[in-house]
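Below is the file work-v8.cif, which contains mmCIF, C-alpha atoms.
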```cif
data_query
#
loop_
_atom_site.label_atom_id
_atom_site.label_comp_id
_atom_site.auth_asym_id
_atom_site.auth_seq_id
_atom_site.Cartn_x
_atom_site.Cartn_y
_atom_site.Cartn_z
CA MET A 1 -11.75 20.61 15.74
CA SER A 2 -11.20 20.73 12.01
CA ASN A 3 -9.23 19.08 9.23
CA GLY A 4 -11.20 15.82 9.18
CA THR A 5 -10.80 13.82 6.05
CA LYS A 6 -14.16 12.08 5.60
CA PRO A 7 -17.39 13.60 4.31
CA VAL A 8 -20.27 13.32 6.78
CA ASP A 9 -22.03 10.64 4.75
CA ALA A 10 -18.94 8.42 4.96
CA LEU A 11 -18.98 8.47 8.78
CA ARG A 12 -20.64 5.85 10.98
CA PHE A 13 -23.73 6.80 13.01
CA PRO A 14 -24.96 3.88 15.11
CA ALA A 15 -28.37 4.36 16.70
CA ILE A 16 -27.18 5.79 20.02
CA LEU A 17 -27.31 9.29 21.51
CA TYR A 18 -24.80 12.03 20.74
CA HIS A 19 -23.62 15.22 22.43
CA ARG A 20 -22.96 18.29 20.29
CA GLU A 21 -19.36 18.21 21.49
CA HIS A 22 -18.96 14.84 19.75
CA THR A 23 -19.21 12.35 22.56
CA TRP A 24 -21.76 9.55 22.48
CA LEU A 25 -23.85 7.73 25.10
CA GLN A 26 -24.97 4.13 24.85
CA ALA A 27 -27.26 2.77 27.56
CA ASP A 28 -26.31 -0.55 29.12
CA GLY A 29 -28.88 -1.40 31.80
CA ASP A 30 -28.62 1.15 34.61
CA ALA A 31 -25.24 2.25 33.33
CA ALA A 32 -24.08 3.73 30.04
CA ARG A 33 -20.91 3.89 28.03
CA VAL A 34 -19.39 7.09 26.71
CA GLY A 35 -16.97 7.55 23.84
CA ILE A 36 -16.11 9.90 21.02
CA SER A 37 -17.89 9.83 17.70
CA ASP A 38 -16.51 8.71 14.37
CA TYR A 39 -16.55 12.37 13.37
CA ALA A 40 -14.42 13.28 16.39
CA GLN A 41 -11.82 10.60 15.82
CA ASP A 42 -11.62 11.52 12.13
CA GLU A 43 -11.09 15.19 12.97
CA LEU A 44 -8.49 14.40 15.62
CA GLY A 45 -6.41 12.11 13.43
CA ASP A 46 -3.86 9.87 15.14
CA ILE A 47 -4.85 9.74 18.81
CA ILE A 48 -1.85 9.38 21.11
CA PHE A 49 -3.11 10.00 24.65
CA PHE A 50 -6.22 10.13 26.82
CA GLU A 51 -6.34 11.98 30.11
CA LEU A 52 -9.18 10.29 31.95
CA PRO A 53 -10.99 10.66 35.28
CA ALA A 54 -10.83 8.30 38.21
CA VAL A 55 -13.57 5.84 38.97
CA GLY A 56 -16.01 7.43 41.40
CA GLN A 57 -15.67 10.98 40.12
CA ARG A 58 -18.92 12.77 39.35
CA PHE A 59 -19.57 15.17 36.50
CA ALA A 60 -22.51 17.26 35.37
CA ALA A 61 -23.92 17.00 31.87
CA GLY A 62 -21.75 19.08 29.53
CA GLN A 63 -18.87 19.21 32.00
CA SER A 64 -15.35 18.31 30.93
CA PHE A 65 -14.30 14.87 32.15
CA GLY A 66 -10.91 14.61 30.48
CA SER A 67 -9.08 15.25 27.27
CA VAL A 68 -7.91 13.45 24.18
CA GLU A 69 -4.61 14.29 22.51
CA SER A 70 -3.74 13.56 18.92
CA VAL A 71 -0.68 14.56 16.97
CA LYS A 72 -2.65 17.53 15.63
CA VAL A 73 -4.65 18.78 18.58
CA VAL A 74 -5.65 18.50 22.24
CA SER A 75 -9.42 18.35 22.69
CA THR A 76 -11.65 18.42 25.76
CA LEU A 77 -14.02 15.53 26.43
CA TYR A 78 -17.53 16.51 27.52
CA MET A 79 -20.03 14.44 29.47
CA PRO A 80 -23.19 13.71 27.50
CA VAL A 81 -25.09 13.20 30.80
CA GLY A 82 -24.44 13.91 34.43
CA GLY A 83 -23.33 10.97 36.51
CA GLU A 84 -20.68 9.00 38.29
CA VAL A 85 -17.78 7.28 36.58
CA LEU A 86 -18.11 3.53 37.09
CA ALA A 87 -15.23 2.36 34.91
CA VAL A 88 -12.49 3.65 32.66
CA ASN A 89 -11.31 1.86 29.54
CA ASP A 90 -7.79 0.98 30.68
CA ALA A 91 -6.91 -0.34 27.23
CA LEU A 92 -6.72 3.26 26.00
CA ALA A 93 -3.63 3.86 28.13
CA ASP A 94 -1.54 1.50 26.00
CA THR A 95 -3.60 1.59 22.83
CA PRO A 96 -5.19 5.01 22.45
CA GLU A 97 -5.69 4.42 18.74
CA LEU A 98 -8.53 2.05 19.65
CA ALA A 99 -10.65 5.18 19.59
CA ASN A 100 -9.58 5.73 15.97
CA ARG A 101 -10.12 2.14 14.93
CA ASP A 102 -13.34 1.37 16.77
CA PRO A 103 -14.79 4.51 18.36
CA TYR A 104 -18.15 2.92 19.17
CA GLY A 105 -16.78 -0.42 20.35
CA ASP A 106 -13.37 -1.21 21.83
CA GLY A 107 -12.55 2.51 21.85
CA TRP A 108 -15.18 3.37 24.49
CA ILE A 109 -13.81 5.76 27.11
CA ILE A 110 -15.75 5.57 30.35
CA ALA A 111 -18.81 3.85 31.79
CA VAL A 112 -21.08 6.01 33.90
CA LYS A 113 -24.08 5.71 36.14
CA PRO A 114 -26.33 8.50 34.86
CA ASP A 115 -27.93 10.73 37.49
CA GLY A 116 -31.38 10.15 36.08
CA PRO A 117 -33.33 9.06 33.05
CA GLY A 118 -33.27 12.49 31.41
CA ARG A 119 -31.41 12.73 28.12
CA GLY A 120 -32.39 16.29 27.23
CA GLY A 121 -30.20 17.99 24.69
CA LEU A 122 -28.70 14.80 23.29
CA LEU A 123 -29.13 14.12 19.60
CA THR A 124 -30.32 11.02 17.80
CA SER A 125 -28.04 9.62 15.11
CA ARG A 126 -30.10 11.33 12.42
CA GLU A 127 -30.07 14.65 14.25
CA TYR A 128 -26.33 14.37 14.89
CA ARG A 129 -25.66 13.62 11.22
CA GLU A 130 -27.64 16.72 10.19
CA TYR A 131 -25.86 18.77 12.85
CA LEU A 132 -22.48 17.73 11.49
CA LYS A 133 -23.48 18.86 8.01
CA THR A 134 -23.86 22.36 9.41
CA LEU A 135 -20.26 22.20 10.65
CA LYS A 136 -18.57 20.90 7.53
CA MET B 1 22.50 6.12 21.54
CA TYR B 2 19.92 8.60 20.29
CA THR B 3 16.27 7.99 19.52
CA ILE B 4 14.47 10.13 16.99
CA TYR B 5 10.69 10.24 16.76
CA SER B 6 9.71 11.22 13.26
CA ALA B 7 6.69 11.38 11.00
CA THR B 8 6.40 9.98 7.50
CA GLY B 9 7.35 12.64 4.97
CA CYS B 10 8.96 14.91 7.60
CA THR B 11 11.84 16.62 5.77
CA ARG B 12 13.16 18.13 9.00
CA CYS B 13 13.38 14.66 10.52
CA LYS B 14 15.40 13.50 7.52
CA ILE B 15 17.81 16.41 7.93
CA VAL B 16 18.44 15.49 11.57
CA MET B 17 18.90 11.81 10.71
CA ALA B 18 21.33 12.72 7.96
CA ARG B 19 23.27 14.81 10.46
CA LEU B 20 23.35 11.93 12.96
CA ARG B 21 24.75 9.67 10.23
CA GLN B 22 27.24 12.35 9.17
CA LEU B 23 28.51 12.57 12.75
CA GLY B 24 28.67 8.78 13.06
CA LEU B 25 26.16 8.72 15.92
CA ASP B 26 24.02 5.65 16.53
CA PHE B 27 20.30 6.23 16.59
CA ALA B 28 16.97 4.46 16.34
CA GLU B 29 14.13 5.98 14.39
CA HIS B 30 10.47 5.58 15.33
CA ASP B 31 8.10 6.88 12.65
CA MET B 32 4.89 7.65 14.48
CA LYS B 33 2.89 7.19 11.28
CA ALA B 34 4.29 3.71 10.68
CA ALA B 35 5.97 0.98 12.71
CA GLY B 36 7.12 3.42 15.37
CA LYS B 37 3.60 4.38 16.41
CA GLU B 38 3.51 2.43 19.67
CA ALA B 39 7.00 3.56 20.67
CA PHE B 40 5.99 7.16 20.05
CA GLN B 41 2.80 6.76 22.08
CA ARG B 42 4.81 5.45 25.04
CA PHE B 43 7.33 8.28 24.71
CA TYR B 44 4.55 10.84 24.38
CA ALA B 45 2.61 9.53 27.38
CA ALA B 46 5.74 9.73 29.54
CA ASN B 47 6.93 13.14 28.33
CA ARG B 48 3.86 14.99 27.09
CA ARG B 49 4.27 17.91 29.51
CA ALA B 50 7.64 18.67 27.91
CA ILE B 51 6.46 18.40 24.32
CA PHE B 52 5.63 21.58 22.45
CA ARG B 53 2.56 21.88 20.27
CA GLY B 54 2.44 24.49 17.54
CA PRO B 55 -0.63 25.56 15.57
CA GLU B 56 -0.44 22.34 13.57
CA GLY B 57 0.15 20.03 16.53
CA VAL B 58 3.22 18.20 17.76
CA GLU B 59 6.35 19.45 16.04
CA PHE B 60 8.73 16.83 14.71
CA PRO B 61 11.43 15.65 15.01
CA LEU B 62 11.81 14.79 18.68
CA LEU B 63 15.33 13.74 19.57
CA THR B 64 16.33 12.16 22.87
CA ASP B 65 19.20 10.29 24.46
CA GLY B 66 17.00 9.07 27.29
CA GLN B 67 17.79 12.07 29.49
CA THR B 68 17.56 15.13 27.28
CA ILE B 69 14.81 15.88 24.77
CA ARG B 70 15.15 18.38 21.96
CA GLN B 71 12.24 19.13 19.67
CA GLY B 72 12.32 20.70 16.25
CA LEU B 73 15.01 21.01 13.62
CA GLY B 74 16.98 23.94 15.05
CA PRO B 75 17.19 22.70 18.65
CA ALA B 76 18.07 19.17 17.51
CA LEU B 77 20.89 20.32 15.23
CA ALA B 78 22.15 22.70 17.92
CA TRP B 79 22.39 19.79 20.35
CA LEU B 80 24.29 17.67 17.86
CA GLN B 81 26.59 20.58 17.07
CA ALA B 82 27.57 21.66 20.57
CA GLY B 83 25.95 19.49 23.25
CA PRO B 84 22.63 19.86 25.02
CA ASP B 85 23.02 23.35 26.49
CA ALA B 86 25.84 25.25 24.77
CA LEU B 87 23.53 26.90 22.24
CA ALA B 88 20.61 27.28 24.65
CA GLY B 89 18.76 30.47 23.93
CA PHE B 90 19.63 30.57 20.25
CA PHE B 91 17.15 27.92 19.09
CA GLN B 92 13.57 27.18 20.09
CA VAL B 93 10.84 25.12 18.49
CA GLY B 94 9.41 27.21 15.68
CA VAL B 95 5.96 27.37 14.18
CA LEU B 96 6.73 28.01 10.50
CA HIS B 97 6.54 25.11 8.07
CA LYS B 98 7.73 23.82 4.73
CA GLU B 99 11.04 25.43 3.80
CA TRP B 100 10.81 28.22 6.38
CA LEU B 101 12.36 27.84 9.81
CA ASP B 102 11.85 30.22 12.72
CA GLY B 103 12.60 29.89 16.42
CA ILE B 104 16.11 31.27 15.88
CA ASP B 105 16.85 34.07 18.36
CA ILE B 106 20.27 35.49 17.62
CA SER B 107 20.23 37.67 20.73
CA GLY B 108 19.18 34.84 23.03
CA GLY B 109 22.41 32.86 23.24
CA ASP B 110 26.02 33.18 24.33
CA PRO B 111 28.05 35.12 21.72
CA ALA B 112 31.11 33.12 22.76
CA ARG B 113 29.45 30.20 20.94
CA ALA B 114 29.21 32.17 17.69
CA ASP B 115 31.17 29.58 15.70
CA ASP B 116 28.85 26.75 16.68
CA PHE B 117 25.78 28.90 16.13
CA LEU B 118 26.88 29.88 12.65
CA ALA B 119 27.77 26.26 11.87
CA VAL B 120 24.18 25.25 12.62
CA LEU B 121 22.84 28.01 10.39
CA ARG B 122 25.17 26.90 7.59
CA HIS B 123 23.96 23.34 7.92
CA LEU B 124 20.35 24.51 7.73
CA LYS B 125 21.06 26.58 4.63
CA GLN B 126 22.88 23.64 3.02
CA ASN B 127 19.62 21.76 3.45
CA ALA B 128 17.67 24.42 1.56
CA MET B 129 15.94 25.87 4.60
CA LYS B 130 14.91 29.53 4.60
CA LEU B 131 15.78 31.08 7.94
CA GLU B 132 13.80 33.68 9.83
CA ILE B 133 16.10 35.12 12.45
CA ALA B 134 14.72 37.05 15.39
CA THR B 135 16.63 39.53 17.52
CA ASP B 136 15.92 42.10 20.17
CA GLY B 137 19.15 43.90 19.43
CA GLY B 138 21.70 41.89 21.40
CA ASN B 139 24.65 40.22 19.65
CA ALA B 140 24.67 42.70 16.77
CA ALA B 141 28.09 41.53 15.62
CA LEU B 142 26.83 37.97 15.33
CA LEU B 143 23.83 39.14 13.32
CA ALA B 144 26.18 41.06 11.03
CA ALA B 145 28.23 37.89 10.50
CA ALA B 146 25.12 35.84 9.69
CA VAL B 147 23.87 38.46 7.23
CA ARG B 148 27.29 38.80 5.62
CA GLU B 149 27.39 35.04 5.00
CA GLY B 150 23.90 34.97 3.54
CA LEU B 151 22.56 32.85 6.37
CA ALA B 152 19.37 34.86 6.92
CA ASP B 153 16.32 35.08 4.69
CA ARG B 154 14.14 37.24 6.91
CA LEU B 155 14.92 39.33 9.98
CA VAL B 156 12.46 40.14 12.74
CA MET B 157 13.52 42.67 15.34
CA ASN B 158 11.62 42.84 18.60
CA VAL B 159 12.15 46.44 19.62
CA ARG B 160 11.44 46.09 23.31
CA GLY B 161 10.57 49.73 23.89
CA PRO B 162 12.17 53.13 24.26
CA ALA B 163 15.90 53.27 25.05
CA HIS B 164 15.44 54.17 28.75
CA LEU B 165 13.23 51.08 29.37
CA TYR B 166 14.94 48.68 26.98
CA GLY B 167 17.00 46.72 29.50
CA GLN B 168 14.08 46.34 31.89
CA LEU B 169 11.80 45.07 29.12
CA ALA B 170 14.49 42.74 27.76
CA GLY B 171 15.18 41.35 31.22
CA ARG B 172 18.92 41.92 30.95
CA PRO B 173 21.40 44.78 30.59
CA VAL B 174 21.65 45.98 27.00
CA ASP B 175 24.22 47.99 25.13
CA PRO B 176 22.47 50.90 23.38
CA ALA B 177 25.10 50.80 20.64
CA ASP B 178 24.26 47.12 20.02
CA ILE B 179 20.56 47.96 19.72
CA ARG B 180 21.21 50.76 17.24
CA ALA B 181 23.60 48.63 15.20
CA THR B 182 20.99 45.87 14.98
CA ILE B 183 18.28 48.31 13.93
CA ALA B 184 20.54 49.55 11.13
CA LEU B 185 21.28 45.98 9.99
CA VAL B 186 17.62 44.97 10.01
CA ALA B 187 16.52 48.16 8.27
CA ALA B 188 18.95 47.54 5.42
CA PHE B 189 17.86 43.91 4.98
CA PRO B 190 15.42 43.20 2.14
CA ALA B 191 12.91 41.05 4.11
CA LYS B 192 12.42 42.45 7.58
CA GLN B 193 9.93 43.36 10.27
CA PHE B 194 10.23 45.57 13.30
CA GLN B 195 7.77 44.87 16.05
CA THR B 196 7.01 45.89 19.62
CA VAL B 197 4.88 44.02 22.09
CA VAL B 198 2.93 46.65 24.00
CA ALA B 199 3.79 45.08 27.33
CA PRO B 200 3.24 46.00 30.96
CA LEU B 201 6.20 46.67 33.20
CA ARG B 202 6.81 47.56 36.80
CA ARG B 203 7.27 51.31 37.19
CA ALA B 204 9.50 53.18 39.64
CA ASP B 205 6.60 53.54 42.08
CA GLY B 206 6.00 49.77 42.07
CA ALA B 207 2.84 49.91 39.99
CA VAL B 208 2.51 47.76 36.89
CA ALA B 209 1.47 49.70 33.81
CA TYR B 210 1.52 49.11 30.07
CA LEU B 211 3.87 50.95 27.75
CA ALA B 212 2.21 54.29 27.16
CA PRO B 213 1.54 55.64 23.67
CA GLY B 214 4.33 58.18 24.12
CA GLU B 215 6.79 55.42 25.04
CA VAL B 216 5.88 53.42 21.95
CA GLY B 217 6.36 56.63 20.00
CA GLN B 218 9.86 56.86 21.48
CA ALA B 219 10.54 53.28 20.37
CA ALA B 220 9.46 54.20 16.85
CA ALA B 221 11.73 57.23 17.02
CA LEU B 222 14.62 54.99 18.07
CA ILE B 223 14.05 52.90 14.94
CA ALA B 224 13.88 56.02 12.77
CA GLU B 225 17.05 57.43 14.25
CA ALA B 226 19.12 54.23 13.87
CA ALA B 227 17.60 53.20 10.52
CA GLY B 228 17.83 56.65 9.02
CA ASP B 229 14.28 56.59 7.69
CA ASN B 230 10.67 56.53 8.81
CA HIS B 231 9.27 53.98 6.37
CA GLN B 232 10.22 50.73 8.08
CA PRO B 233 7.57 48.01 8.49
CA TYR B 234 6.61 48.29 12.17
CA LEU B 235 4.04 46.15 13.93
CA LEU B 236 2.52 46.72 17.36
CA ARG B 237 1.54 43.47 19.02
CA PRO B 238 -0.85 43.05 21.96
CA PHE B 239 0.68 41.55 25.09
CA ARG B 240 -0.46 38.02 25.96
CA PRO B 241 -0.48 37.75 29.77
CA GLU B 242 -0.68 33.96 29.72
CA ALA B 243 2.71 33.80 27.99
CA ALA B 244 4.50 36.03 30.52
CA ALA B 245 7.24 34.52 32.65
CA ASP B 246 6.65 37.00 35.47
CA GLU B 247 3.77 36.08 37.78
CA THR B 248 2.76 39.72 38.29
CA LEU B 249 2.60 40.35 34.55
CA ARG B 250 0.58 37.15 34.04
CA ARG B 251 -2.17 38.78 36.10
CA ALA B 252 -2.23 41.91 33.90
CA GLU B 253 -5.51 42.63 32.19
CA PRO B 254 -4.97 42.17 28.44
CA LEU B 255 -5.35 45.24 26.23
CA ALA B 256 -7.88 45.05 23.42
CA ALA B 257 -6.51 45.76 19.96
CA ALA B 258 -8.55 48.98 19.89
CA ALA B 259 -6.67 50.18 22.96
CA LEU B 260 -3.53 50.25 20.84
CA LEU B 261 -4.85 52.91 18.47
CA PRO B 262 -3.26 55.77 20.46
CA HIS B 263 0.03 53.81 20.47
CA ARG B 264 -0.19 53.44 16.70
CA SER B 265 -0.86 57.14 16.28
CA ALA B 266 2.17 57.99 18.42
CA ALA B 267 4.37 55.52 16.54
CA ARG B 268 3.24 56.77 13.13
CA THR B 269 4.72 60.13 13.96
CA HIS B 270 8.11 58.42 13.55
CA GLN B 271 7.32 55.29 11.50
CA VAL B 272 4.53 55.96 9.04
CA LYS B 273 3.95 52.30 8.20
CA THR B 274 3.09 51.28 11.77
CA GLU B 275 0.25 48.75 12.04
CA ILE B 276 -1.46 46.82 14.82
CA GLU B 277 -1.25 43.04 14.68
CA LYS B 278 -4.52 41.43 13.71
CA THR B 279 -5.55 38.78 16.22
CA GLY B 280 -8.31 36.17 16.39
#
```
Mind converting the file's structure to structure tokens?
Amino acid sequence: MSNGTKPVDALRFPAILYHREHTWLQADGDAARVGISDYAQDELGDIIFFELPAVGQRFAAGQSFGSVESVKVVSTLYMPVGGEVLAVNDALADTPELANRDPYGDGWIIAVKPDGPGRGGLLTSREYREYLKTLK
Amino acid sequence: MYTIYSATGCTRCKIVMARLRQLGLDFAEHDMKAAGKEAFQRFYAANRRAIFRGPEGVEFPLLTDGQTIRQGLGPALAWLQAGPDALAGFFQVGVLHKEWLDGIDISGGDPARADDFLAVLRHLKQNAMKLEIATDGGNAALLAAAVREGLADRLVMNVRGPAHLYGQLAGRPVDPADIRATIALVAAFPAKQFQTVVAPLRRADGAVAYLAPGEVGQAAALIAEAAGDNHQPYLLRPFRPEAAADETLRRAEPLAAAALLPHRSAARTHQVKTEIEKTG
């Protein structure tokens, strides 16, 4: 992805975990929510479609679980952890721009049941911010 | 009733809307950057498999009557000029931007529709577009008419291969005189490019094999003979299997750019300015 408009320091980095392919993971009891980062939505621009998995599908960490399409680009979505899809954010079907407006809130993409407690390879918000500076 | 999906600041969208008004055709506009965003999202979700993406994303405008979709300036104007299919083959969605328009293949359509085709080109020129016209040699008389009227700004000729393989590589019968006439027209044009995709083809024994260096050399010689000189800009392009229509050719192992060096050497014997397309 490229062509984002915001400098890294203008992006939001809530204290959750991030995958280097710009998805995030937020624990919620035994489950966790997954979405795309503020950086990702900024790079994508106007999001117009999500291709999402079905509830019950299982994915390994780092595996593609769908795609996001903006006017500019089609981008693969990568699982931050391995696990089973528990829920899909149906609101994205009619209002995909939720992921632009509120990527860490109403724009969440799927809820998963992680395979285990391991979060190896994921980045903290500080680490992710520093990582992004190497990309810009 | 037509619907046009546009983007704020899209000059090509404005040209199509002006044409719709000029023809007295009713239409609704949905600007995907403004109030038409939700309508565009619904349209996109329902039709995304049919929507072309260029290097800079979705190409606008998108024009539909609820049954047919045409994308891009050339295809949209062609539809309004002559109906949904009459100019099929002449216009595709291009990838050039700003004032330049490509996706015009003068050899791809029915020469019986020459009047409509030229009318679309005239309309594009009246709207200050610069036109890159592609040809593989067919419809030479139509190309001559377009050049004579000043309707072309750049010509790109896809020289399919040597004369004895030309029809097979083009996928249709070709008239050698048409090919030579086109080469002469392109060679005499100020802004031009000859190019050959070093493609695989099925040989007489059934095997699939790429154009050999000697065959590319023969293609270069064909250009030299018809153009009357050996200093034409000539580009050798690697074949992209994923873009092939033929299933067998889609399975061909792609050639690395370095594998084209012998082809370039053979071509330079007849066209000294032969280069290999830079990729990646």
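Residue membership of the PyMOL selection byres ((chain B) within 6 of (chain A)) in the shown file amounts to Gln41, Glu56, Gly57 and Val58 of chain B.
Coordinates place atom CA of A:Ala40 at a distance of 17.9 Å from atom CA of A:Val81.
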For this session: Do a neighbour search on stretch 86-90 of chain A at 10 Å with all atoms listed in the file, toss out local chain neighbours closer than 3 positions, and write the hits as number ranges by chain.
Result: A: 31-35, 52-58, 83, 93-96, 106-114
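Distance annotation: of B:Val272, B:Ala219, B:Leu165, B:Ala181, the residue with the minimal separation from B:Arg202 is B:Leu165; atom set is only C-alpha atoms.
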Exercise. Which value, in Å to one decimal, gives the distance between atom CA of B:His270 and atom CA of B:Ala224?
Worked result: 6.3 Å
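The smallest atom-to-atom distance between A:Ala15 and any of A:Val68, A:Val85, A:Ala27, A:Leu92, using all atoms listed in the file, is found for A:Ala27.
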Problem set entry | Distance query A:Gln63 at most 10 Å, all atoms listed in the file, self and fewer than 5 positions along chain excluded, as an MDAnalysis selection string | chainID A and resid 58 76:82
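Note that the spacing between atom CA of A:Tyr104 and atom CA of B:Arg48 amounts to 26.3 Å.
Compared by their closest atoms to A:Gln41, and using only C-alpha atoms, the residues A:Asn100, A:Ser75, A:Thr124, A:Ser64 rank with A:Asn100 nearest.
Distance annotation: of B:Ala134, B:Ile51, B:Ala128, B:Leu261, the residue with the minimal separation from B:Gln193 is B:Ala134; atom set is all atoms listed in the file.
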For this session: Could you tell me which residues the PyMOL selection byres ((chain B and resi 62) around 12) returns for this structure, as an NGL selection string?
Result: :B and (2-7 or 10 or 12-14 or 16-17 or 28-32 or 40 or 43-44 or 47-48 or 50-53 or 58-61 or 63-66 or 68-77 or 79 or 93)
Problem set entry | Among listed residues B:Thr182, B:Asn127, B:Asn139, B:Thr196, nearest B:Thr274 (using all atoms listed in the file) | B:Thr196
